[in-house]
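Text of the file run-v2.cif, holding mmCIF, C-alpha atoms:
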```cif
data_target
#
loop_
_atom_site.group_PDB
_atom_site.id
_atom_site.type_symbol
_atom_site.label_atom_id
_atom_site.label_comp_id
_atom_site.auth_asym_id
_atom_site.auth_seq_id
_atom_site.Cartn_x
_atom_site.Cartn_y
_atom_site.Cartn_z
ATOM 1 C CA MET U 189 -47.169 38.260 54.512
ATOM 2 C CA ALA U 190 -46.357 41.964 54.636
ATOM 3 C CA ALA U 191 -44.082 43.251 51.884
ATOM 4 C CA SER U 192 -41.496 44.070 54.545
ATOM 5 C CA SER U 193 -40.863 40.387 55.245
ATOM 6 C CA THR U 194 -39.902 39.665 51.611
ATOM 7 C CA ILE U 195 -36.432 38.382 50.802
ATOM 8 C CA VAL U 196 -35.269 39.513 47.363
ATOM 9 C CA CYS U 197 -32.658 37.277 45.689
ATOM 10 C CA PHE U 198 -30.582 38.800 42.900
ATOM 11 C CA GLY U 199 -28.413 37.159 40.246
ATOM 12 C CA GLU U 200 -28.290 34.203 37.906
ATOM 13 C CA MET U 201 -30.776 31.496 37.098
ATOM 14 C CA LEU U 202 -29.674 28.786 34.698
ATOM 15 C CA ILE U 203 -30.100 25.194 33.634
ATOM 16 C CA ASP U 204 -27.861 22.568 35.224
ATOM 17 C CA PHE U 205 -27.363 19.430 33.159
ATOM 18 C CA VAL U 206 -26.584 16.641 35.616
ATOM 19 C CA PRO U 207 -25.419 13.156 34.507
ATOM 20 C CA ASP U 208 -28.169 10.593 35.010
ATOM 21 C CA THR U 209 -25.581 8.281 36.607
ATOM 22 C CA SER U 210 -23.605 9.367 39.677
ATOM 23 C CA GLY U 211 -19.837 9.121 39.718
ATOM 24 C CA VAL U 212 -19.112 9.562 36.003
ATOM 25 C CA SER U 213 -17.235 12.323 34.200
ATOM 26 C CA LEU U 214 -18.996 14.552 31.667
ATOM 27 C CA ALA U 215 -17.337 12.613 28.837
ATOM 28 C CA GLU U 216 -18.436 9.239 30.236
ATOM 29 C CA SER U 217 -22.036 10.272 30.891
ATOM 30 C CA GLN U 218 -24.574 8.712 28.537
ATOM 31 C CA GLY U 219 -27.407 11.089 29.427
ATOM 32 C CA PHE U 220 -28.184 14.224 31.382
ATOM 33 C CA LEU U 221 -31.076 15.344 33.562
ATOM 34 C CA LYS U 222 -32.148 18.944 33.056
ATOM 35 C CA ALA U 223 -32.341 20.718 36.417
ATOM 36 C CA PRO U 224 -33.109 24.374 37.114
ATOM 37 C CA GLY U 225 -30.281 26.047 39.014
ATOM 38 C CA GLY U 226 -28.337 29.207 39.793
ATOM 39 C CA ALA U 227 -27.597 29.869 43.449
ATOM 40 C CA PRO U 228 -29.744 33.008 44.021
ATOM 41 C CA ALA U 229 -32.737 31.352 42.343
ATOM 42 C CA ASN U 230 -32.226 28.189 44.427
ATOM 43 C CA VAL U 231 -32.203 30.346 47.572
ATOM 44 C CA ALA U 232 -35.453 32.069 46.513
ATOM 45 C CA CYS U 233 -37.152 28.685 45.987
ATOM 46 C CA SER U 234 -35.776 27.410 49.295
ATOM 47 C CA ILE U 235 -37.278 30.413 51.126
ATOM 48 C CA SER U 236 -40.656 29.893 49.511
ATOM 49 C CA ARG U 237 -40.635 26.119 50.168
ATOM 50 C CA LEU U 238 -40.132 26.905 53.858
ATOM 51 C CA GLY U 239 -43.073 29.305 54.005
ATOM 52 C CA GLY U 240 -41.102 32.534 53.599
ATOM 53 C CA SER U 241 -41.814 35.343 51.139
ATOM 54 C CA ALA U 242 -39.306 35.426 48.246
ATOM 55 C CA ALA U 243 -38.778 37.402 45.049
ATOM 56 C CA PHE U 244 -36.152 36.886 42.339
ATOM 57 C CA ILE U 245 -34.505 39.539 40.165
ATOM 58 C CA GLY U 246 -32.429 38.454 37.183
ATOM 59 C CA LYS U 247 -32.344 37.910 33.443
ATOM 60 C CA VAL U 248 -32.842 34.787 31.363
ATOM 61 C CA GLY U 249 -32.954 34.308 27.599
ATOM 62 C CA LYS U 250 -36.177 34.752 25.645
ATOM 63 C CA ASP U 251 -35.997 31.029 24.862
ATOM 64 C CA GLU U 252 -37.595 27.760 25.939
ATOM 65 C CA PHE U 253 -35.226 27.372 28.888
ATOM 66 C CA GLY U 254 -35.814 30.961 30.034
ATOM 67 C CA PHE U 255 -39.594 30.505 29.972
ATOM 68 C CA MET U 256 -39.213 27.190 31.809
ATOM 69 C CA LEU U 257 -37.138 28.842 34.574
ATOM 70 C CA ALA U 258 -39.577 31.746 35.069
ATOM 71 C CA ASP U 259 -42.327 29.143 35.272
ATOM 72 C CA ILE U 260 -40.442 27.149 37.906
ATOM 73 C CA LEU U 261 -40.075 30.264 40.079
ATOM 74 C CA LYS U 262 -43.820 30.887 39.879
ATOM 75 C CA LYS U 263 -44.667 27.226 40.555
ATOM 76 C CA ASN U 264 -42.465 27.429 43.649
ATOM 77 C CA GLY U 265 -44.321 30.495 44.912
ATOM 78 C CA VAL U 266 -41.521 32.984 44.154
ATOM 79 C CA ASN U 267 -42.467 36.506 43.023
ATOM 80 C CA ALA U 268 -41.056 36.672 39.442
ATOM 81 C CA GLU U 269 -41.918 40.330 38.671
ATOM 82 C CA GLY U 270 -38.207 41.116 38.481
ATOM 83 C CA VAL U 271 -37.439 38.437 35.860
ATOM 84 C CA LEU U 272 -36.431 39.808 32.459
ATOM 85 C CA PHE U 273 -36.103 38.038 29.102
ATOM 86 C CA ASP U 274 -33.226 38.968 26.798
ATOM 87 C CA GLU U 275 -34.028 38.945 23.068
ATOM 88 C CA HIS U 276 -30.462 38.329 21.956
ATOM 89 C CA ALA U 277 -28.692 36.154 24.514
ATOM 90 C CA ARG U 278 -29.410 32.617 25.610
ATOM 91 C CA THR U 279 -30.187 31.337 29.093
ATOM 92 C CA ALA U 280 -26.951 30.150 30.735
ATOM 93 C CA LEU U 281 -26.206 26.416 30.887
ATOM 94 C CA ALA U 282 -23.944 24.491 33.249
ATOM 95 C CA PHE U 283 -22.920 20.865 32.909
ATOM 96 C CA VAL U 284 -22.326 19.555 36.396
ATOM 97 C CA THR U 285 -20.581 16.250 37.034
ATOM 98 C CA LEU U 286 -21.225 14.428 40.265
ATOM 99 C CA LYS U 287 -18.188 12.515 41.390
ATOM 100 C CA LYS U 288 -18.424 9.314 43.467
ATOM 101 C CA ASP U 289 -18.782 11.286 46.724
ATOM 102 C CA GLY U 290 -21.515 13.552 45.348
ATOM 103 C CA GLU U 291 -19.119 16.518 44.977
ATOM 104 C CA ARG U 292 -19.320 18.575 41.805
ATOM 105 C CA GLU U 293 -17.301 19.764 38.813
ATOM 106 C CA PHE U 294 -18.664 22.463 36.507
ATOM 107 C CA MET U 295 -18.520 23.289 32.793
ATOM 108 C CA PHE U 296 -20.332 26.496 31.855
ATOM 109 C CA TYR U 297 -21.867 27.817 28.633
ATOM 110 C CA ARG U 298 -22.046 31.617 29.022
ATOM 111 C CA ASN U 299 -20.670 33.671 26.161
ATOM 112 C CA PRO U 300 -22.399 35.905 27.084
ATOM 113 C CA SER U 301 -25.542 34.501 28.642
ATOM 114 C CA ALA U 302 -28.647 36.568 29.388
ATOM 115 C CA ASP U 303 -27.942 36.897 33.138
ATOM 116 C CA MET U 304 -24.697 38.782 32.383
ATOM 117 C CA LEU U 305 -26.589 41.407 30.358
ATOM 118 C CA LEU U 306 -28.899 42.739 33.078
ATOM 119 C CA LYS U 307 -28.694 46.550 33.078
ATOM 120 C CA GLU U 308 -29.171 48.951 35.983
ATOM 121 C CA SER U 309 -32.078 50.632 34.119
ATOM 122 C CA GLU U 310 -33.933 47.276 34.068
ATOM 123 C CA LEU U 311 -33.888 46.770 37.849
ATOM 124 C CA LYS U 312 -37.176 46.690 39.757
ATOM 125 C CA MET U 313 -35.943 49.169 42.359
ATOM 126 C CA ASP U 314 -39.266 49.384 44.230
ATOM 127 C CA LEU U 315 -39.095 45.632 44.888
ATOM 128 C CA ILE U 316 -35.520 45.963 46.204
ATOM 129 C CA LYS U 317 -36.229 48.955 48.459
ATOM 130 C CA LYS U 318 -39.299 47.283 50.024
ATOM 131 C CA ALA U 319 -37.430 44.077 50.893
ATOM 132 C CA LYS U 320 -36.544 42.972 54.408
ATOM 133 C CA ILE U 321 -33.389 41.223 53.117
ATOM 134 C CA PHE U 322 -31.510 41.600 49.806
ATOM 135 C CA HIS U 323 -29.503 38.451 48.983
ATOM 136 C CA TYR U 324 -26.842 38.046 46.280
ATOM 137 C CA GLY U 325 -23.761 36.107 45.200
ATOM 138 C CA SER U 326 -20.577 37.032 43.330
ATOM 139 C CA ILE U 327 -21.200 35.640 39.827
ATOM 140 C CA SER U 328 -23.149 38.805 38.995
ATOM 141 C CA LEU U 329 -19.943 40.803 39.700
ATOM 142 C CA ILE U 330 -17.865 39.181 36.961
ATOM 143 C CA THR U 331 -18.899 41.145 33.862
ATOM 144 C CA GLU U 332 -20.552 44.411 32.817
ATOM 145 C CA PRO U 333 -23.320 45.510 32.578
ATOM 146 C CA CYS U 334 -24.480 43.086 35.285
ATOM 147 C CA ARG U 335 -21.783 44.213 37.732
ATOM 148 C CA SER U 336 -23.027 47.828 37.647
ATOM 149 C CA ALA U 337 -26.627 46.642 38.051
ATOM 150 C CA HIS U 338 -25.543 44.546 41.068
ATOM 151 C CA MET U 339 -23.725 47.516 42.678
ATOM 152 C CA ALA U 340 -26.708 49.849 42.089
ATOM 153 C CA ALA U 341 -29.168 47.314 43.544
ATOM 154 C CA MET U 342 -26.985 46.823 46.613
ATOM 155 C CA LYS U 343 -26.609 50.579 47.145
ATOM 156 C CA ALA U 344 -30.387 51.164 46.824
ATOM 157 C CA ALA U 345 -31.101 48.337 49.282
ATOM 158 C CA LYS U 346 -28.560 49.610 51.812
ATOM 159 C CA GLU U 347 -29.894 53.176 51.614
ATOM 160 C CA ALA U 348 -33.429 51.866 52.196
ATOM 161 C CA GLY U 349 -32.283 50.088 55.379
ATOM 162 C CA VAL U 350 -32.580 46.585 53.880
ATOM 163 C CA LEU U 351 -30.349 43.848 55.380
ATOM 164 C CA LEU U 352 -27.660 42.724 52.914
ATOM 165 C CA SER U 353 -26.949 38.988 52.659
ATOM 166 C CA TYR U 354 -23.936 37.669 50.704
ATOM 167 C CA ASP U 355 -23.020 34.111 49.738
ATOM 168 C CA PRO U 356 -20.043 34.435 47.379
ATOM 169 C CA ASN U 357 -20.537 30.960 45.855
ATOM 170 C CA VAL U 358 -17.064 30.773 44.313
ATOM 171 C CA ARG U 359 -17.152 29.383 40.752
ATOM 172 C CA LEU U 360 -13.548 29.688 39.592
ATOM 173 C CA PRO U 361 -14.063 28.687 35.927
ATOM 174 C CA LEU U 362 -16.203 31.807 35.430
ATOM 175 C CA TRP U 363 -13.538 34.303 36.523
ATOM 176 C CA PRO U 364 -10.552 35.366 34.390
ATOM 177 C CA SER U 365 -8.173 34.103 37.106
ATOM 178 C CA ALA U 366 -8.095 32.999 40.755
ATOM 179 C CA GLU U 367 -6.716 36.386 41.763
ATOM 180 C CA ALA U 368 -9.480 38.206 39.863
ATOM 181 C CA ALA U 369 -12.011 36.029 41.702
ATOM 182 C CA ARG U 370 -10.488 36.825 45.088
ATOM 183 C CA GLN U 371 -10.422 40.563 44.384
ATOM 184 C CA GLY U 372 -13.907 40.628 42.849
ATOM 185 C CA ILE U 373 -15.475 38.669 45.709
ATOM 186 C CA LYS U 374 -13.768 40.837 48.327
ATOM 187 C CA SER U 375 -14.614 44.109 46.523
ATOM 188 C CA ILE U 376 -18.110 44.146 48.114
ATOM 189 C CA TRP U 377 -17.230 42.219 51.284
ATOM 190 C CA ASN U 378 -17.590 45.149 53.675
ATOM 191 C CA GLU U 379 -21.099 46.044 52.513
ATOM 192 C CA ALA U 380 -22.820 42.892 53.816
ATOM 193 C CA ASP U 381 -24.660 42.473 57.133
ATOM 194 C CA PHE U 382 -24.567 38.673 56.837
ATOM 195 C CA ILE U 383 -22.048 36.490 55.001
ATOM 196 C CA LYS U 384 -22.068 32.727 54.516
ATOM 197 C CA VAL U 385 -18.932 30.975 53.216
ATOM 198 C CA SER U 386 -18.028 27.317 52.927
ATOM 199 C CA ASP U 387 -14.832 25.911 54.466
ATOM 200 C CA ASP U 388 -13.359 25.593 50.929
ATOM 201 C CA GLU U 389 -14.169 29.235 50.221
ATOM 202 C CA VAL U 390 -12.437 30.325 53.435
ATOM 203 C CA GLU U 391 -9.286 28.526 52.211
ATOM 204 C CA PHE U 392 -9.570 30.059 48.753
ATOM 205 C CA LEU U 393 -10.205 33.619 49.966
ATOM 206 C CA THR U 394 -7.655 33.697 52.799
ATOM 207 C CA GLN U 395 -5.123 31.179 51.393
ATOM 208 C CA LYS U 396 -5.000 29.694 54.884
ATOM 209 C CA ARG U 397 -6.584 26.572 56.378
ATOM 210 C CA SER U 398 -10.296 26.910 57.099
ATOM 211 C CA ASP U 399 -9.839 25.826 60.733
ATOM 212 C CA ASP U 400 -7.290 28.620 61.294
ATOM 213 C CA GLU U 401 -8.993 31.199 63.526
ATOM 214 C CA GLU U 402 -6.763 33.912 62.045
ATOM 215 C CA ALA U 403 -8.207 33.119 58.613
ATOM 216 C CA ILE U 404 -11.737 33.590 59.953
ATOM 217 C CA LYS U 405 -10.765 36.809 61.750
ATOM 218 C CA SER U 406 -9.416 38.212 58.481
ATOM 219 C CA LEU U 407 -12.879 37.746 56.941
ATOM 220 C CA TRP U 408 -14.647 39.653 59.713
ATOM 221 C CA HIS U 409 -15.545 43.337 59.211
ATOM 222 C CA ASP U 410 -17.082 45.732 61.712
ATOM 223 C CA GLY U 411 -20.358 46.181 59.846
ATOM 224 C CA LEU U 412 -21.076 42.430 59.971
ATOM 225 C CA LYS U 413 -23.839 41.093 62.169
ATOM 226 C CA LEU U 414 -23.171 37.421 61.420
ATOM 227 C CA LEU U 415 -20.555 35.332 59.604
ATOM 228 C CA VAL U 416 -21.322 31.639 59.077
ATOM 229 C CA VAL U 417 -18.801 29.067 57.837
ATOM 230 C CA THR U 418 -20.347 25.829 56.580
ATOM 231 C CA ASP U 419 -18.316 22.639 57.087
ATOM 232 C CA GLY U 420 -20.291 20.206 54.913
ATOM 233 C CA GLU U 421 -21.744 17.271 56.834
ATOM 234 C CA LYS U 422 -19.916 18.416 59.993
ATOM 235 C CA GLY U 423 -22.300 21.359 60.337
ATOM 236 C CA CYS U 424 -21.334 25.020 60.659
ATOM 237 C CA ARG U 425 -19.486 27.627 62.725
ATOM 238 C CA TYR U 426 -20.885 31.048 63.567
ATOM 239 C CA TYR U 427 -19.260 34.362 64.459
ATOM 240 C CA THR U 428 -21.208 37.405 65.585
ATOM 241 C CA LYS U 429 -20.590 41.101 66.219
ATOM 242 C CA ALA U 430 -16.867 41.557 66.911
ATOM 243 C CA SER U 431 -16.853 37.773 67.582
ATOM 244 C CA ARG U 432 -16.223 38.499 71.227
ATOM 245 C CA SER U 433 -19.885 38.375 72.102
ATOM 246 C CA PHE U 434 -20.468 34.808 70.961
ATOM 247 C CA ASN U 435 -19.274 32.298 68.432
ATOM 248 C CA GLY U 436 -19.445 28.524 68.256
ATOM 249 C CA LYS U 437 -20.332 25.392 66.280
ATOM 250 C CA VAL U 438 -23.587 23.645 65.442
ATOM 251 C CA SER U 439 -23.326 19.987 64.412
ATOM 252 C CA GLY U 440 -24.677 18.692 61.122
ATOM 253 C CA TYR U 441 -26.879 15.672 60.389
ATOM 254 C CA SER U 442 -25.641 12.426 58.929
ATOM 255 C CA VAL U 443 -27.423 11.448 55.693
ATOM 256 C CA LYS U 444 -26.536 9.458 52.577
ATOM 257 C CA ALA U 445 -25.437 12.221 50.186
ATOM 258 C CA ILE U 446 -25.930 11.603 46.490
ATOM 259 C CA ASP U 447 -25.706 15.180 45.165
ATOM 260 C CA THR U 448 -24.460 18.238 47.047
ATOM 261 C CA THR U 449 -25.944 20.660 44.453
ATOM 262 C CA GLY U 450 -28.051 23.284 46.195
ATOM 263 C CA ALA U 451 -27.212 22.192 49.747
ATOM 264 C CA GLY U 452 -25.570 25.529 50.569
ATOM 265 C CA ASP U 453 -28.491 27.385 48.981
ATOM 266 C CA SER U 454 -30.984 25.365 51.023
ATOM 267 C CA PHE U 455 -28.954 26.212 54.153
ATOM 268 C CA VAL U 456 -28.899 29.942 53.313
ATOM 269 C CA GLY U 457 -32.581 30.109 52.325
ATOM 270 C CA SER U 458 -33.545 28.528 55.607
ATOM 271 C CA LEU U 459 -31.370 30.897 57.639
ATOM 272 C CA LEU U 460 -32.778 33.918 55.787
ATOM 273 C CA VAL U 461 -36.323 32.769 56.609
ATOM 274 C CA SER U 462 -35.350 32.666 60.320
ATOM 275 C CA MET U 463 -33.677 36.084 60.004
ATOM 276 C CA ALA U 464 -36.671 37.704 58.261
ATOM 277 C CA LYS U 465 -38.967 36.374 60.996
ATOM 278 C CA ASP U 466 -36.810 37.500 63.892
ATOM 279 C CA THR U 467 -33.670 39.621 63.576
ATOM 280 C CA SER U 468 -32.891 39.023 67.275
ATOM 281 C CA ILE U 469 -31.067 35.854 66.125
ATOM 282 C CA PHE U 470 -28.069 38.177 65.620
ATOM 283 C CA THR U 471 -27.932 38.853 69.359
ATOM 284 C CA ASP U 472 -29.675 35.860 70.953
ATOM 285 C CA GLU U 473 -27.327 32.871 70.840
ATOM 286 C CA ALA U 474 -29.942 30.251 71.719
ATOM 287 C CA LYS U 475 -32.202 31.423 68.882
ATOM 288 C CA LEU U 476 -29.274 31.549 66.468
ATOM 289 C CA LYS U 477 -28.192 27.981 67.329
ATOM 290 C CA GLN U 478 -31.750 26.763 66.802
ATOM 291 C CA ALA U 479 -31.939 28.527 63.421
ATOM 292 C CA LEU U 480 -28.559 27.070 62.384
ATOM 293 C CA ALA U 481 -29.541 23.537 63.408
ATOM 294 C CA PHE U 482 -32.649 23.913 61.232
ATOM 295 C CA SER U 483 -30.464 25.214 58.367
ATOM 296 C CA ASN U 484 -28.075 22.259 58.784
ATOM 297 C CA ALA U 485 -31.044 19.888 58.506
ATOM 298 C CA CYS U 486 -32.271 21.673 55.346
ATOM 299 C CA GLY U 487 -28.802 21.483 53.774
ATOM 300 C CA ALA U 488 -28.469 17.796 54.655
ATOM 301 C CA ILE U 489 -31.852 16.807 53.175
ATOM 302 C CA CYS U 490 -30.992 18.643 49.961
ATOM 303 C CA THR U 491 -28.005 16.299 49.401
ATOM 304 C CA THR U 492 -30.194 13.175 49.454
ATOM 305 C CA LYS U 493 -31.794 13.883 46.040
ATOM 306 C CA LYS U 494 -30.462 14.918 42.613
ATOM 307 C CA GLY U 495 -30.680 18.539 41.471
ATOM 308 C CA ALA U 496 -31.131 21.657 43.588
ATOM 309 C CA ILE U 497 -34.713 22.965 43.452
ATOM 310 C CA PRO U 498 -36.399 19.521 43.320
ATOM 311 C CA ALA U 499 -34.383 18.505 46.399
ATOM 312 C CA LEU U 500 -35.258 21.522 48.582
ATOM 313 C CA PRO U 501 -36.936 20.397 51.819
ATOM 314 C CA SER U 502 -40.160 21.475 53.491
ATOM 315 C CA VAL U 503 -40.345 22.529 57.150
ATOM 316 C CA SER U 504 -41.815 19.145 58.171
ATOM 317 C CA GLU U 505 -39.014 17.198 56.408
ATOM 318 C CA ALA U 506 -36.353 19.288 58.183
ATOM 319 C CA GLN U 507 -38.093 18.896 61.552
ATOM 320 C CA ALA U 508 -38.360 15.113 61.025
ATOM 321 C CA LEU U 509 -34.594 14.881 60.444
ATOM 322 C CA MET U 510 -33.933 17.016 63.520
ATOM 323 C CA SER U 511 -36.105 14.830 65.712
ATOM 324 C CA GLY U 512 -34.505 11.683 64.255
ATOM 325 C CA SER U 513 -37.742 10.332 62.818
ATOM 326 C CA THR U 514 -36.811 10.093 59.128
#
```

Show me this structure written as structure tokens.
Amino acid sequence: MAASSTIVCFGEMLIDFVPDTSGVSLAESQGFLKAPGGAPANVACSISRLGGSAAFIGKVGKDEFGFMLADILKKNGVNAEGVLFDEHARTALAFVTLKKDGEREFMFYRNPSADMLLKESELKMDLIKKAKIFHYGSISLITEPCRSAHMAAMKAAKEAGVLLSYDPNVRLPLWPSAEAARQGIKSIWNEADFIKVSDDEVEFLTQKRSDDEEAIKSLWHDGLKLLVVTDGEKGCRYYTKASRSFNGKVSGYSVKAIDTTGAGDSFVGSLLVSMAKDTSIFTDEAKLKQALAFSNACGAICTTKKGAIPALPSVSEAQALMSGST
């Protein structure tokens, strides 16, 4: 694939420790499965699994877990040139409990972790400027020096004409307060060309119900090409340029969910692959609906297995679910 079709994902990569039994609290869990995680890294692996070209930029600790994560990126076909190893800080850890319905609770170990210590001077700017799409979350905005590195990367990408993709991935325990999270997440809102938010995130950011059209309108900005709201197993809603041209819903797929970890990342990775292949999905509603149905299928399949990266689907698995032949 030409360098121009590469999707560069920026941010954190960490280890998720997931209870080996579903539906127990962290305290009740007898054992934990070690799973690679971190939303931007999950998205990069999702892209690669679906045949797209992905690169990851971020920092891990110069420790066993950091080496393991860099290795996982490479094994999944992700360009890991932009991965750095910090001599002094550890790779971040997250203990993730899966409640009875497969939903998650988080407990993080980051004080500070390597990903927070990425400096602007360490960025692989040539990789960023050559990308077709630059994708990021909001966790990299929480602390310096990573925040400045994030802002510089975004600015360089925008100036080079790269599409900016933003999935805020709200993780409240990592922010000093809910208000700080809201402000931090919204501080870069108007830069993005594409934004994906979950229904819960719409409620958190707007402090209105997620089915309130006014809430959605308040999240729109004039530079946006596409805003997607994911509604879990119900599917997703889409809003395009000025929302007067076209917006609508695409239904989800019914599966037996055992772990929702990575489902949103699988959805985003899949949509970015469609976008990198053909940017006319921003203006062609039929193509967009097709791409979103495929993304819904990818998100659904991801919930049927534990962990994020191990559960990411292939194109044939997603197509099988779409054609009802699973």

* Asked: Any chance you could work out the residue set of the PyMOL selection byres ((chain U and resi 255-264) around 10) here, as a PyMOL selection string?
  -> chain U and resi 201-203+223-225+229-230+232-237+242-244+247-254+265-269+271-273+279+497-498

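By chain and then residue number, the residues within 10 Å of range 507-510 of chain U are Gly440, Tyr441, Ser442, Val443, Ala481, Phe482, Asn484, Ala485, Cys486, Ala488, Ile489, Pro501, Ser502, Val503, Ser504, Ser513 and Thr514 of chain U, counting only C-alpha atoms and disregarding those fewer than 3 positions away in sequence.
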
* Write out as JSON, numbers by chain each polymer residue whose atoms come within 10 Å of Thr209 in chain U, counting only C-alpha atoms; drop sequence neighbours fewer than 4 positions from it. => {"U": [213, 216, 217, 218, 219, 220, 221, 285, 286, 287, 288]}

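Nearest to Asp453 in chain U of all the residues U:Ile327, U:Cys197, U:Leu352, U:Ala319 is U:Cys197, counting only C-alpha atoms.
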
Work out where the centre of an axis-aligned box around every listed atom of range 469-482 of chain U lies and how long its edges are once 8 Å is added on each side; give both in Å to one decimal as JSON.
```
{"center_x": -30.0, "center_y": 31.2, "center_z": 66.5, "size_x": 21.3, "size_y": 31.3, "size_z": 26.5}
```

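Nearest to Lys318 in chain U of all the residues U:Glu332, U:Glu347, U:Glu379, U:Glu293 is U:Glu347, counting only C-alpha atoms.
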
* Asked: U:Ile376, U:Ala506, U:Val196, U:Leu393: which is nearest Leu460 in chain U, counting only C-alpha atoms?
  -> U:Val196

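Distance annotation: of U:Asn378, U:Thr471, U:Ser193, U:Ser386, the residue with the minimal separation from Cys424 in chain U is U:Ser386; atom set is all atoms listed in the file.
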
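Proximity ranking of U:Gly199, U:Pro228, U:Gly240, U:Pro333 relative to Lys320 in chain U places U:Gly240 first, based on all atoms listed in the file.
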
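Of the residues listed (U:Ser468, U:Ser406, U:Thr449, U:Ser241), U:Thr449 shows the shortest atom-to-atom separation from Lys494 in chain U; distances use all atoms listed in the file.
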
* Asked: Which value, in Å to one decimal, gives the distance between CA of Lys384 in chain U and CA of Thr194 in chain U?
  -> 19.4 Å
